[in-house]
Structure formats: structure tokens, C-alpha cells
>>> print(open('work.csv').read())   # CSV, N, CA and C atoms
chain,number,residue,atom,x,y,z
A,6,MET,N,123.4,111.1,112.3
A,6,MET,CA,123.1,111.9,111.1
A,6,MET,C,121.6,111.8,110.8
A,7,SER,N,121.0,112.9,110.6
A,7,SER,CA,119.6,112.9,110.3
A,7,SER,C,119.4,112.7,108.8
A,8,GLU,N,118.2,112.1,108.5
A,8,GLU,CA,117.9,111.8,107.1
A,8,GLU,C,117.3,113.0,106.5
A,9,PRO,N,117.5,113.2,105.2
A,9,PRO,CA,116.9,114.4,104.5
A,9,PRO,C,115.4,114.4,104.5
A,10,GLU,N,114.8,115.5,104.3
A,10,GLU,CA,113.4,115.7,104.2
A,10,GLU,C,112.9,114.9,103.0
A,11,PRO,N,111.7,114.3,103.1
A,11,PRO,CA,111.1,113.6,102.0
A,11,PRO,C,110.9,114.5,100.8
A,12,VAL,N,111.0,113.9,99.6
A,12,VAL,CA,110.8,114.6,98.4
A,12,VAL,C,109.4,114.2,97.8
A,13,ILE,N,108.7,115.1,97.2
A,13,ILE,CA,107.4,114.8,96.6
A,13,ILE,C,107.6,114.7,95.0
A,14,GLU,N,107.2,113.6,94.5
A,14,GLU,CA,107.3,113.4,93.0
A,14,GLU,C,105.9,112.9,92.6
A,15,SER,N,105.5,113.4,91.4
A,15,SER,CA,104.2,113.0,90.9
A,15,SER,C,104.4,112.4,89.5
A,16,TYR,N,103.6,111.4,89.2
A,16,TYR,CA,103.6,110.7,87.9
A,16,TYR,C,102.2,110.6,87.3
A,17,ALA,N,102.2,110.4,86.0
A,17,ALA,CA,100.9,110.1,85.3
A,17,ALA,C,101.1,108.7,84.8
A,18,PHE,N,100.0,107.9,84.8
A,18,PHE,CA,100.0,106.6,84.4
A,18,PHE,C,98.9,106.4,83.4
A,19,ALA,N,99.1,105.5,82.4
A,19,ALA,CA,98.1,105.1,81.4
A,19,ALA,C,98.2,103.6,81.1
A,20,CYS,N,97.1,103.0,81.3
A,20,CYS,CA,97.0,101.5,81.1
A,20,CYS,C,96.9,101.2,79.6
A,21,MET,N,97.8,100.4,79.1
A,21,MET,CA,97.8,100.1,77.7
A,21,MET,C,96.8,99.0,77.4
A,22,MET,N,96.2,98.4,78.4
A,22,MET,CA,95.2,97.4,78.2
A,22,MET,C,93.7,97.9,78.1
A,23,CYS,N,93.4,98.8,79.1
A,23,CYS,CA,92.0,99.3,79.1
A,23,CYS,C,91.9,100.8,78.9
A,24,GLY,N,93.0,101.5,78.8
A,24,GLY,CA,93.0,102.9,78.5
A,24,GLY,C,92.8,103.8,79.7
A,25,HIS,N,92.7,103.3,80.9
A,25,HIS,CA,92.5,104.1,82.1
A,25,HIS,C,93.7,104.9,82.3
A,26,GLY,N,93.5,106.2,82.7
A,26,GLY,CA,94.6,107.1,83.1
A,26,GLY,C,94.4,107.7,84.5
A,27,TRP,N,95.5,107.9,85.2
A,27,TRP,CA,95.4,108.5,86.5
A,27,TRP,C,96.8,109.1,86.8
A,28,GLU,N,96.7,109.9,87.9
A,28,GLU,CA,98.0,110.6,88.4
A,28,GLU,C,98.1,110.4,89.8
A,29,GLN,N,99.3,110.3,90.3
A,29,GLN,CA,99.5,110.0,91.7
A,29,GLN,C,100.8,110.7,92.2
A,30,SER,N,100.8,111.3,93.4
A,30,SER,CA,101.9,111.9,94.0
A,30,SER,C,102.5,111.0,95.0
A,31,TYR,N,103.8,110.9,95.2
A,31,TYR,CA,104.4,110.1,96.1
A,31,TYR,C,105.4,110.9,97.0
A,32,GLU,N,105.4,110.6,98.3
A,32,GLU,CA,106.4,111.2,99.2
A,32,GLU,C,107.6,110.1,99.2
A,33,ILE,N,108.7,110.6,98.8
A,33,ILE,CA,109.9,109.7,98.7
A,33,ILE,C,110.8,109.9,99.9
A,34,HIS,N,111.1,108.9,100.7
A,34,HIS,CA,111.9,109.0,101.9
A,34,HIS,C,113.3,108.3,101.5
A,35,HIS,N,114.4,109.1,101.8
A,35,HIS,CA,115.7,108.5,101.5
A,35,HIS,C,116.3,108.0,102.8
A,36,HIS,N,116.8,106.8,102.8
A,36,HIS,CA,117.4,106.2,104.0
A,36,HIS,C,118.7,105.6,103.7
A,37,VAL,N,119.4,105.2,104.7
A,37,VAL,CA,120.7,104.5,104.6
A,37,VAL,C,120.6,103.2,105.5
A,38,ASP,N,120.9,102.0,104.9
A,38,ASP,CA,120.8,100.8,105.7
A,38,ASP,C,122.0,100.6,106.7
A,39,SER,N,122.0,99.6,107.4
A,39,SER,CA,123.1,99.3,108.4
A,39,SER,C,124.4,99.2,107.8
A,40,LYS,N,124.5,98.9,106.5
A,40,LYS,CA,125.8,98.8,105.8
A,40,LYS,C,126.2,100.0,105.1
A,41,GLY,N,125.4,101.1,105.3
A,41,GLY,CA,125.7,102.4,104.6
A,41,GLY,C,125.2,102.5,103.2
A,42,ARG,N,124.4,101.6,102.8
A,42,ARG,CA,123.8,101.7,101.4
A,42,ARG,C,122.5,102.5,101.4
A,43,PRO,N,122.4,103.4,100.5
A,43,PRO,CA,121.2,104.2,100.4
A,43,PRO,C,120.0,103.4,99.8
A,44,PHE,N,118.8,103.7,100.2
A,44,PHE,CA,117.6,103.2,99.6
A,44,PHE,C,116.5,104.1,99.8
A,45,VAL,N,115.4,104.0,99.1
A,45,VAL,CA,114.3,104.9,99.2
A,45,VAL,C,113.0,104.1,99.5
A,46,THR,N,112.0,104.7,100.1
A,46,THR,CA,110.7,104.2,100.3
A,46,THR,C,109.7,105.2,99.8
A,47,TYR,N,108.6,104.7,99.2
A,47,TYR,CA,107.6,105.5,98.6
A,47,TYR,C,106.3,105.5,99.6
A,48,HIS,N,105.7,106.6,99.7
A,48,HIS,CA,104.5,106.7,100.6
A,48,HIS,C,103.4,107.5,99.9
A,49,THR,N,102.2,107.1,100.0
A,49,THR,CA,101.0,107.9,99.6
A,49,THR,C,100.0,107.8,100.7
A,50,ASP,N,99.4,109.0,101.0
A,50,ASP,CA,98.4,109.1,102.1
A,50,ASP,C,98.9,108.5,103.4
A,51,GLY,N,100.2,108.7,103.7
A,51,GLY,CA,100.8,108.3,104.9
A,51,GLY,C,101.2,106.8,105.0
A,52,GLU,N,100.9,106.1,104.0
A,52,GLU,CA,101.2,104.6,104.0
A,52,GLU,C,102.3,104.3,103.0
A,53,ARG,N,103.2,103.4,103.4
A,53,ARG,CA,104.3,102.9,102.5
A,53,ARG,C,103.7,102.1,101.4
A,54,VAL,N,104.1,102.3,100.2
A,54,VAL,CA,103.6,101.6,99.0
A,54,VAL,C,104.8,101.2,98.2
A,55,PRO,N,104.6,100.2,97.3
A,55,PRO,CA,105.7,99.8,96.4
A,55,PRO,C,106.1,100.9,95.4
A,56,SER,N,107.3,100.9,95.0
A,56,SER,CA,107.7,101.9,94.0
A,56,SER,C,106.8,101.9,92.8
A,57,PRO,N,106.4,103.1,92.4
A,57,PRO,CA,105.5,103.1,91.2
A,57,PRO,C,106.3,102.8,89.9
A,58,LEU,N,107.6,102.7,90.0
A,58,LEU,CA,108.4,102.5,88.8
A,58,LEU,C,108.7,101.0,88.5
A,59,THR,N,108.3,100.2,89.5
A,59,THR,CA,108.5,98.7,89.3
A,59,THR,C,107.1,98.0,89.3
A,60,ARG,N,106.8,97.6,88.1
A,60,ARG,CA,105.5,96.8,87.9
A,60,ARG,C,104.3,97.5,88.4
A,61,PRO,N,104.0,98.7,87.9
A,61,PRO,CA,102.8,99.4,88.3
A,61,PRO,C,101.5,98.6,87.8
A,62,THR,N,100.5,98.8,88.6
A,62,THR,CA,99.2,98.0,88.4
A,62,THR,C,98.1,99.0,88.1
A,63,CYS,N,97.4,98.7,87.0
A,63,CYS,CA,96.2,99.6,86.6
A,63,CYS,C,95.2,99.5,87.7
A,64,LEU,N,94.7,100.7,88.2
A,64,LEU,CA,93.7,100.8,89.2
A,64,LEU,C,92.3,100.3,88.7
A,65,ASN,N,92.2,100.3,87.4
A,65,ASN,CA,90.9,99.9,86.8
A,65,ASN,C,90.8,98.4,86.5
A,66,CYS,N,91.8,97.9,85.8
A,66,CYS,CA,91.6,96.5,85.4
A,66,CYS,C,92.6,95.5,86.0
A,67,GLY,N,93.6,96.1,86.8
A,67,GLY,CA,94.6,95.2,87.5
A,67,GLY,C,95.7,94.7,86.6
A,68,GLU,N,95.8,95.1,85.3
A,68,GLU,CA,96.9,94.7,84.5
A,68,GLU,C,98.2,95.5,84.8
A,69,HIS,N,99.3,95.0,84.3
A,69,HIS,CA,100.6,95.6,84.6
A,69,HIS,C,101.2,96.2,83.3
A,70,VAL,N,100.5,96.4,82.2
A,70,VAL,CA,101.0,97.0,81.0
A,70,VAL,C,100.6,98.5,81.1
A,71,VAL,N,101.5,99.2,81.9
A,71,VAL,CA,101.2,100.6,82.3
A,71,VAL,C,102.3,101.5,81.8
A,72,ARG,N,102.0,102.6,81.1
A,72,ARG,CA,103.0,103.6,80.7
A,72,ARG,C,103.1,104.6,81.8
A,73,ILE,N,104.3,105.0,82.2
A,73,ILE,CA,104.5,106.0,83.2
A,73,ILE,C,105.0,107.2,82.5
A,74,MET,N,104.4,108.4,82.8
A,74,MET,CA,104.8,109.7,82.2
A,74,MET,C,104.9,110.7,83.2
A,75,ARG,N,105.4,111.9,82.8
A,75,ARG,CA,105.5,113.0,83.7
A,75,ARG,C,104.1,113.5,84.1
A,76,ALA,N,104.0,114.0,85.3
A,76,ALA,CA,102.7,114.5,85.8
A,76,ALA,C,102.1,115.5,84.9
A,77,GLY,N,100.8,115.5,84.8
A,77,GLY,CA,100.1,116.5,84.0
A,77,GLY,C,99.6,116.0,82.7
A,78,GLN,N,100.1,114.8,82.3
A,78,GLN,CA,99.7,114.2,81.0
A,78,GLN,C,98.2,113.8,81.0
A,79,VAL,N,97.8,113.2,82.1
A,79,VAL,CA,96.4,112.7,82.1
A,79,VAL,C,95.5,113.9,82.2
A,80,ARG,N,95.8,114.9,83.1
A,80,ARG,CA,95.0,116.1,83.2
A,80,ARG,C,94.9,116.8,81.9
A,81,SER,N,95.9,116.9,81.1
A,81,SER,CA,95.9,117.5,79.8
A,81,SER,C,94.9,116.8,78.8
A,82,VAL,N,94.9,115.5,78.8
A,82,VAL,CA,94.0,114.8,77.9
A,82,VAL,C,92.6,114.9,78.4
A,83,GLU,N,92.4,114.9,79.7
A,83,GLU,CA,91.0,115.0,80.3
A,83,GLU,C,90.4,116.4,80.0
A,84,SER,N,91.2,117.4,80.0
A,84,SER,CA,90.7,118.8,79.8
A,84,SER,C,90.3,118.9,78.3
A,85,VAL,N,91.1,118.3,77.4
A,85,VAL,CA,90.8,118.3,76.0
A,85,VAL,C,89.5,117.6,75.7
A,86,ARG,N,89.4,116.4,76.4
A,86,ARG,CA,88.2,115.6,76.2
A,86,ARG,C,86.9,116.3,76.7
A,87,GLN,N,87.0,117.0,77.8
A,87,GLN,CA,85.9,117.8,78.3
A,87,GLN,C,85.5,118.9,77.4
A,88,ARG,N,86.5,119.6,76.9
A,88,ARG,CA,86.2,120.7,75.9
A,88,ARG,C,85.5,120.2,74.7
A,89,SER,N,86.0,119.1,74.2
A,89,SER,CA,85.4,118.5,72.9
A,89,SER,C,83.9,118.0,73.2
A,90,ARG,N,83.6,117.6,74.4
A,90,ARG,CA,82.2,117.2,74.7
A,90,ARG,C,81.3,118.4,74.7
A,91,ARG,N,81.8,119.6,75.0
A,91,ARG,CA,80.9,120.8,75.1
A,91,ARG,C,80.6,121.3,73.7
A,92,THR,N,81.4,121.0,72.7
A,92,THR,CA,81.2,121.6,71.4
A,92,THR,C,80.4,120.6,70.5
>>> encode(input="work.csv", output="C-alpha cells")
Amino acid sequence: MSEPEPVIESYAFACMMCGHGWEQSYEIHHHVDSKGRPFVTYHTDGERVPSPLTRPTCLNCGEHVVRIMRAGQVRSVESVRQRSRRT
């Protein structure tokens, strides 16, 4: 049996310690182990990475107090910030 095509999911992250925000897309591969149990692996830029949903790490300060949100949240805040700087 062939495995399904990978699914792309994107998340926004905000560090509650330093305020850094970023967004990341993940390619999620669905698998079945030798006992028939399903599991998934996460990949970015072709490399396997830990699940972003378990103990995410801030890319700026290394802390783990990170809020996970739907994609687009960081971009929305950044665009408002840029508009306010122009005025």
C-alpha cells in the first residue's frame, strides 16, 4: 500500500519571552509503523524536524514559551507595524 501524499501546513509563532514572531510551513508525511499504527513526520526545506506542536523553540532567544497560531497572524501584525511607521 502506498503512503498518501504529504500535506503542507503553516503555523505562526510568537515568543512570550522576547516578543519575536515568525511563520513556518511544514510538509507532513503520514506513515504506518510495522504494527499498523499511524504516525507523522514533519519536514522543512527537505529535512526532518521535530513537531512544531511539541515544545517549540524561539528562533531568537531559545526559550520555549511560544504561542502557536494559525498562519498569517505574524504577517498581519508586521504589515500594521510597517504602515504605522510610514505615518
>>> closest_residue(input="work.csv", among="A:Val12, A:Met22, A:His36, A:Pro57", to="A:Ile73", atoms="only N, CA and C atoms")
A:Pro57
>>> select_by_dssp(input="work.csv", residues="chain A", states="alpha helix (DSSP H)", output="CSV table (one decimal) with N, CA and C atoms, keeping the file's coordinate frame")
chain,number,residue,atom,x,y,z
A,78,GLN,N,100.1,114.8,82.3
A,78,GLN,CA,99.7,114.2,81.0
A,78,GLN,C,98.2,113.8,81.0
A,79,VAL,N,97.8,113.2,82.1
A,79,VAL,CA,96.4,112.7,82.1
A,79,VAL,C,95.5,113.9,82.2
A,80,ARG,N,95.8,114.9,83.1
A,80,ARG,CA,95.0,116.1,83.2
A,80,ARG,C,94.9,116.8,81.9
A,81,SER,N,95.9,116.9,81.1
A,81,SER,CA,95.9,117.5,79.8
A,81,SER,C,94.9,116.8,78.8
A,82,VAL,N,94.9,115.5,78.8
A,82,VAL,CA,94.0,114.8,77.9
A,82,VAL,C,92.6,114.9,78.4
A,83,GLU,N,92.4,114.9,79.7
A,83,GLU,CA,91.0,115.0,80.3
A,83,GLU,C,90.4,116.4,80.0
A,84,SER,N,91.2,117.4,80.0
A,84,SER,CA,90.7,118.8,79.8
A,84,SER,C,90.3,118.9,78.3
A,85,VAL,N,91.1,118.3,77.4
A,85,VAL,CA,90.8,118.3,76.0
A,85,VAL,C,89.5,117.6,75.7
A,86,ARG,N,89.4,116.4,76.4
A,86,ARG,CA,88.2,115.6,76.2
A,86,ARG,C,86.9,116.3,76.7
A,87,GLN,N,87.0,117.0,77.8
A,87,GLN,CA,85.9,117.8,78.3
A,87,GLN,C,85.5,118.9,77.4
A,88,ARG,N,86.5,119.6,76.9
A,88,ARG,CA,86.2,120.7,75.9
A,88,ARG,C,85.5,120.2,74.7
A,89,SER,N,86.0,119.1,74.2
A,89,SER,CA,85.4,118.5,72.9
A,89,SER,C,83.9,118.0,73.2
A,90,ARG,N,83.6,117.6,74.4
A,90,ARG,CA,82.2,117.2,74.7
A,90,ARG,C,81.3,118.4,74.7
A,91,ARG,N,81.8,119.6,75.0
A,91,ARG,CA,80.9,120.8,75.1
A,91,ARG,C,80.6,121.3,73.7
>>> residues_near_point(input="work.csv", point="(108.5, 109.4, 97.6)", cutoff="8 Å", atoms="only N, CA and C atoms", output="number ranges by chain")
A: 11-15, 30-35, 45-49
>>> closest_residue(input="work.csv", among="A:Met21, A:Leu64, A:Leu58, A:Val37", to="A:Pro9", atoms="only C-alpha atoms")
A:Val37
>>> atom_distance(input="work.csv", atom1="atom N of A:Cys20", atom2="atom CA of A:Gly51")
24.5 Å
>>> closest_residue(input="work.csv", among="A:Cys63, A:Val70, A:Glu8, A:Lys40", to="A:Glu28", atoms="only C-alpha atoms")
A:Cys63
>>> atom_distance(input="work.csv", atom1="atom CA of A:Ala17", atom2="atom C of A:Phe44")
22.1 Å
>>> atom_distance(input="work.csv", atom1="atom N of A:Arg75", atom2="atom C of A:Pro43")
24.0 Å
>>> residues_near_point(input="work.csv", point="(104.8, 94.0, 85.5)", cutoff="9 Å", atoms="only C-alpha atoms", output="list in words")
Thr59, Arg60, Pro61, Thr62, Glu68, His69, Val70 and Val71 of chain A
>>> closest_residue(input="work.csv", among="A:Pro55, A:Cys23, A:Phe18, A:Asp50", to="A:Arg72", atoms="all atoms listed in the file")
A:Phe18
>>> closest_residue(input="work.csv", among="A:Ala76, A:Glu10, A:Ser39, A:Asn65", to="A:His25", atoms="all atoms listed in the file")
A:Asn65
>>> closest_residue(input="work.csv", among="A:Gly24, A:Gln29, A:Arg53, A:Gly41", to="A:Gly77", atoms="only C-alpha atoms")
A:Gln29
>>> select_by_dssp(input="work.csv", residues="chain A", states="strand (DSSP E or B)", output="number ranges by chain")
A: 12-20, 26-37, 43-49, 52-54, 71-75
